[in-house]
Structures are given as C-alpha cells and as structure tokens.
>>> print(open('query02.pdb').read())   # PDB, C-alpha atoms, pLDDT in the B column
MODEL        1
ATOM      1  CA  MET A 225     112.838-146.808  37.988  1.00 72.00           C
ATOM      2  CA  THR A 226     114.756-149.657  36.403  1.00 74.00           C
ATOM      3  CA  LEU A 227     117.691-151.557  37.839  1.00 71.00           C
ATOM      4  CA  GLU A 228     120.662-151.532  35.484  1.00 72.00           C
ATOM      5  CA  GLY A 229     123.455-154.084  35.272  1.00 70.00           C
ATOM      6  CA  TYR A 230     126.281-152.066  33.717  1.00 65.00           C
ATOM      7  CA  SER A 231     129.107-154.197  32.343  1.00 66.00           C
ATOM      8  CA  PRO A 232     127.594-157.480  33.625  1.00 68.00           C
ATOM      9  CA  PHE A 233     130.623-159.623  32.758  1.00 68.00           C
ATOM     10  CA  LYS A 234     133.178-157.614  34.707  1.00 64.00           C
ATOM     11  CA  ALA A 235     132.007-158.559  38.211  1.00 61.00           C
ATOM     12  CA  GLY A 236     131.155-162.194  37.427  1.00 65.00           C
ATOM     13  CA  ASP A 237     133.282-165.206  36.654  1.00 78.00           C
ATOM     14  CA  VAL A 238     132.328-166.355  33.161  1.00 80.00           C
ATOM     15  CA  ARG A 239     134.412-169.494  33.828  1.00 85.00           C
ATOM     16  CA  SER A 240     132.154-170.628  36.664  1.00 90.00           C
ATOM     17  CA  PRO A 241     131.328-174.356  36.456  1.00 94.00           C
ATOM     18  CA  VAL A 242     127.682-173.528  37.222  1.00 95.00           C
ATOM     19  CA  LEU A 243     127.470-171.125  34.280  1.00 95.00           C
ATOM     20  CA  ALA A 244     129.347-173.566  32.044  1.00 95.00           C
ATOM     21  CA  ASP A 245     126.938-176.382  32.919  1.00 97.00           C
ATOM     22  CA  ILE A 246     123.865-174.268  32.245  1.00 97.00           C
ATOM     23  CA  ALA A 247     125.372-172.891  29.031  1.00 97.00           C
ATOM     24  CA  THR A 248     126.147-176.393  27.761  1.00 97.00           C
ATOM     25  CA  HIS A 249     122.596-177.515  28.562  1.00 97.00           C
ATOM     26  CA  HIS A 250     121.170-174.702  26.409  1.00 98.00           C
ATOM     27  CA  GLY A 251     123.869-174.734  23.710  1.00 97.00           C
ATOM     28  CA  VAL A 252     124.884-171.139  24.413  1.00 96.00           C
ATOM     29  CA  SER A 253     127.837-169.334  25.994  1.00 94.00           C
ATOM     30  CA  ALA A 254     128.257-168.508  29.682  1.00 94.00           C
ATOM     31  CA  ARG A 255     128.022-164.821  28.733  1.00 92.00           C
ATOM     32  CA  GLN A 256     124.627-165.459  27.151  1.00 95.00           C
ATOM     33  CA  VAL A 257     123.513-167.235  30.342  1.00 95.00           C
ATOM     34  CA  ILE A 258     124.571-164.191  32.379  1.00 92.00           C
ATOM     35  CA  LEU A 259     122.589-161.871  30.116  1.00 93.00           C
ATOM     36  CA  ARG A 260     119.565-164.179  30.236  1.00 95.00           C
ATOM     37  CA  TRP A 261     119.780-164.225  34.065  1.00 93.00           C
ATOM     38  CA  HIS A 262     119.551-160.425  34.001  1.00 91.00           C
ATOM     39  CA  ILE A 263     116.449-160.655  31.817  1.00 92.00           C
ATOM     40  CA  GLU A 264     114.874-163.245  34.135  1.00 93.00           C
ATOM     41  CA  HIS A 265     115.345-160.729  36.984  1.00 91.00           C
ATOM     42  CA  SER A 266     114.066-157.751  34.937  1.00 91.00           C
ATOM     43  CA  ILE A 267     117.476-156.097  35.146  1.00 88.00           C
ATOM     44  CA  VAL A 268     118.592-154.076  32.134  1.00 90.00           C
ATOM     45  CA  ALA A 269     122.048-155.344  31.194  1.00 88.00           C
ATOM     46  CA  ILE A 270     124.473-153.163  29.271  1.00 86.00           C
ATOM     47  CA  PRO A 271     127.299-155.396  28.036  1.00 87.00           C
ATOM     48  CA  LYS A 272     130.337-153.809  26.437  1.00 83.00           C
ATOM     49  CA  SER A 273     132.209-155.325  23.543  1.00 86.00           C
ATOM     50  CA  THR A 274     133.990-154.275  20.379  1.00 91.00           C
ATOM     51  CA  ASN A 275     134.049-157.842  19.012  1.00 92.00           C
ATOM     52  CA  PRO A 276     131.328-158.226  16.322  1.00 94.00           C
ATOM     53  CA  GLU A 277     130.700-161.898  17.169  1.00 93.00           C
ATOM     54  CA  ARG A 278     130.236-161.127  20.863  1.00 90.00           C
ATOM     55  CA  ILE A 279     127.951-158.194  20.084  1.00 92.00           C
ATOM     56  CA  ALA A 280     125.770-160.497  17.961  1.00 93.00           C
ATOM     57  CA  ALA A 281     125.779-163.169  20.699  1.00 92.00           C
ATOM     58  CA  ASN A 282     124.784-160.553  23.278  1.00 90.00           C
ATOM     59  CA  PHE A 283     121.587-159.942  21.303  1.00 91.00           C
ATOM     60  CA  ASP A 284     120.893-163.660  20.861  1.00 93.00           C
ATOM     61  CA  VAL A 285     119.501-164.406  24.338  1.00 94.00           C
ATOM     62  CA  PHE A 286     115.792-164.747  23.577  1.00 95.00           C
ATOM     63  CA  GLY A 287     115.920-168.251  22.084  1.00 95.00           C
ATOM     64  CA  PHE A 288     116.160-169.937  25.487  1.00 97.00           C
ATOM     65  CA  ALA A 289     114.944-169.399  29.037  1.00 97.00           C
ATOM     66  CA  LEU A 290     116.378-170.379  32.379  1.00 97.00           C
ATOM     67  CA  ASP A 291     114.226-172.603  34.565  1.00 97.00           C
ATOM     68  CA  ASP A 292     113.678-171.852  38.258  1.00 97.00           C
ATOM     69  CA  ASN A 293     116.432-174.270  39.324  1.00 98.00           C
ATOM     70  CA  GLU A 294     118.973-172.696  36.968  1.00 98.00           C
ATOM     71  CA  VAL A 295     118.081-169.191  38.169  1.00 96.00           C
ATOM     72  CA  ALA A 296     118.481-170.343  41.784  1.00 96.00           C
ATOM     73  CA  ARG A 297     121.877-171.887  41.035  1.00 96.00           C
ATOM     74  CA  ILE A 298     123.094-168.641  39.496  1.00 93.00           C
ATOM     75  CA  ASP A 299     121.576-166.604  42.340  1.00 91.00           C
ATOM     76  CA  ALA A 300     123.604-168.714  44.790  1.00 93.00           C
ATOM     77  CA  LEU A 301     126.883-167.724  43.093  1.00 88.00           C
ATOM     78  CA  GLY A 302     126.645-164.270  44.625  1.00 76.00           C
ATOM     79  CA  ARG A 303     126.285-165.543  48.176  1.00 68.00           C
TER
ENDMDL
END
>>> encode(input="query02.pdb", output="structure tokens")
Amino acid sequence: MTLEGYSPFKAGDVRSPVLADIATHHGVSARQVILRWHIEHSIVAIPKSTNPERIAANFDVFGFALDDNEVARIDALGR
C-alpha cells in the first residue's frame, strides 16, 4: 500500500514564506519544494498541470534534498 498525494498544490499555500525561504535556499520553486517534501515522506505525488514548463519542473526534483530542519518546518505548516 502506498500513500498518494493527489493534486499536492491544491491544498497547500505555494506562497507560504516557509516554502519561499526553502525554495530560495535551493534555487528551486515552492512547488518543487512541495514535491520534494512528498518524496522525503515516501508519498507518491500526482501533480496536475497543462503548462509544459511546470510539467518539466515537476520532474526536476531530484537535484536537491531537504534537510531534517527544512522537513520539520514544512511539517509544521499543517499543524
């Protein structure tokens, strides 16, 4: 059994200052940080987009990793 994060951007706030800070640190977008967070938690994310640039960016999440502090900061957003 695998946990699935369907449409991971819909429920979150991609404009969150926490996500923006982490994204800036890694030179990626907040959406990429969200997808990477899913990977760090072994959650299959299924993002939806029709924009070719966003589709390409959605695949480009393996060139960086979130450290434990960053994961904890993102985890705290849902509390």
>>> closest_residue(input="query02.pdb", among="A:Val252, A:Gly229, A:Ala269, A:His262", to="Asp299 in chain A", atoms="only C-alpha atoms")
A:His262
>>> resolve_selection(input="query02.pdb", expression="the PyMOL selection byres ((chain A and resi 287-297) around 10)", output="PyMOL selection string")
chain A and resi 242-243+245-247+250-252+256-257+260-265+284-286+298-302
>>> atom_distance(input="query02.pdb", atom1="CA of Val238 in chain A", atom2="CA of Ile258 in chain A")
8.1 Å
>>> residues_around(input="query02.pdb", residues="Ala244 in chain A", least_positions_apart="5", cutoff="8 Å", atoms="only C-alpha atoms", output="list in words")
Val238, Arg239, Ser253 and Ala254 of chain A
>>> resolve_selection(input="query02.pdb", expression="the PyMOL selection byres ((chain A and resi 225) around 12)", output="list in words")
Thr226, Leu227, Glu228, Ser266, Ile267 and Val268 of chain A
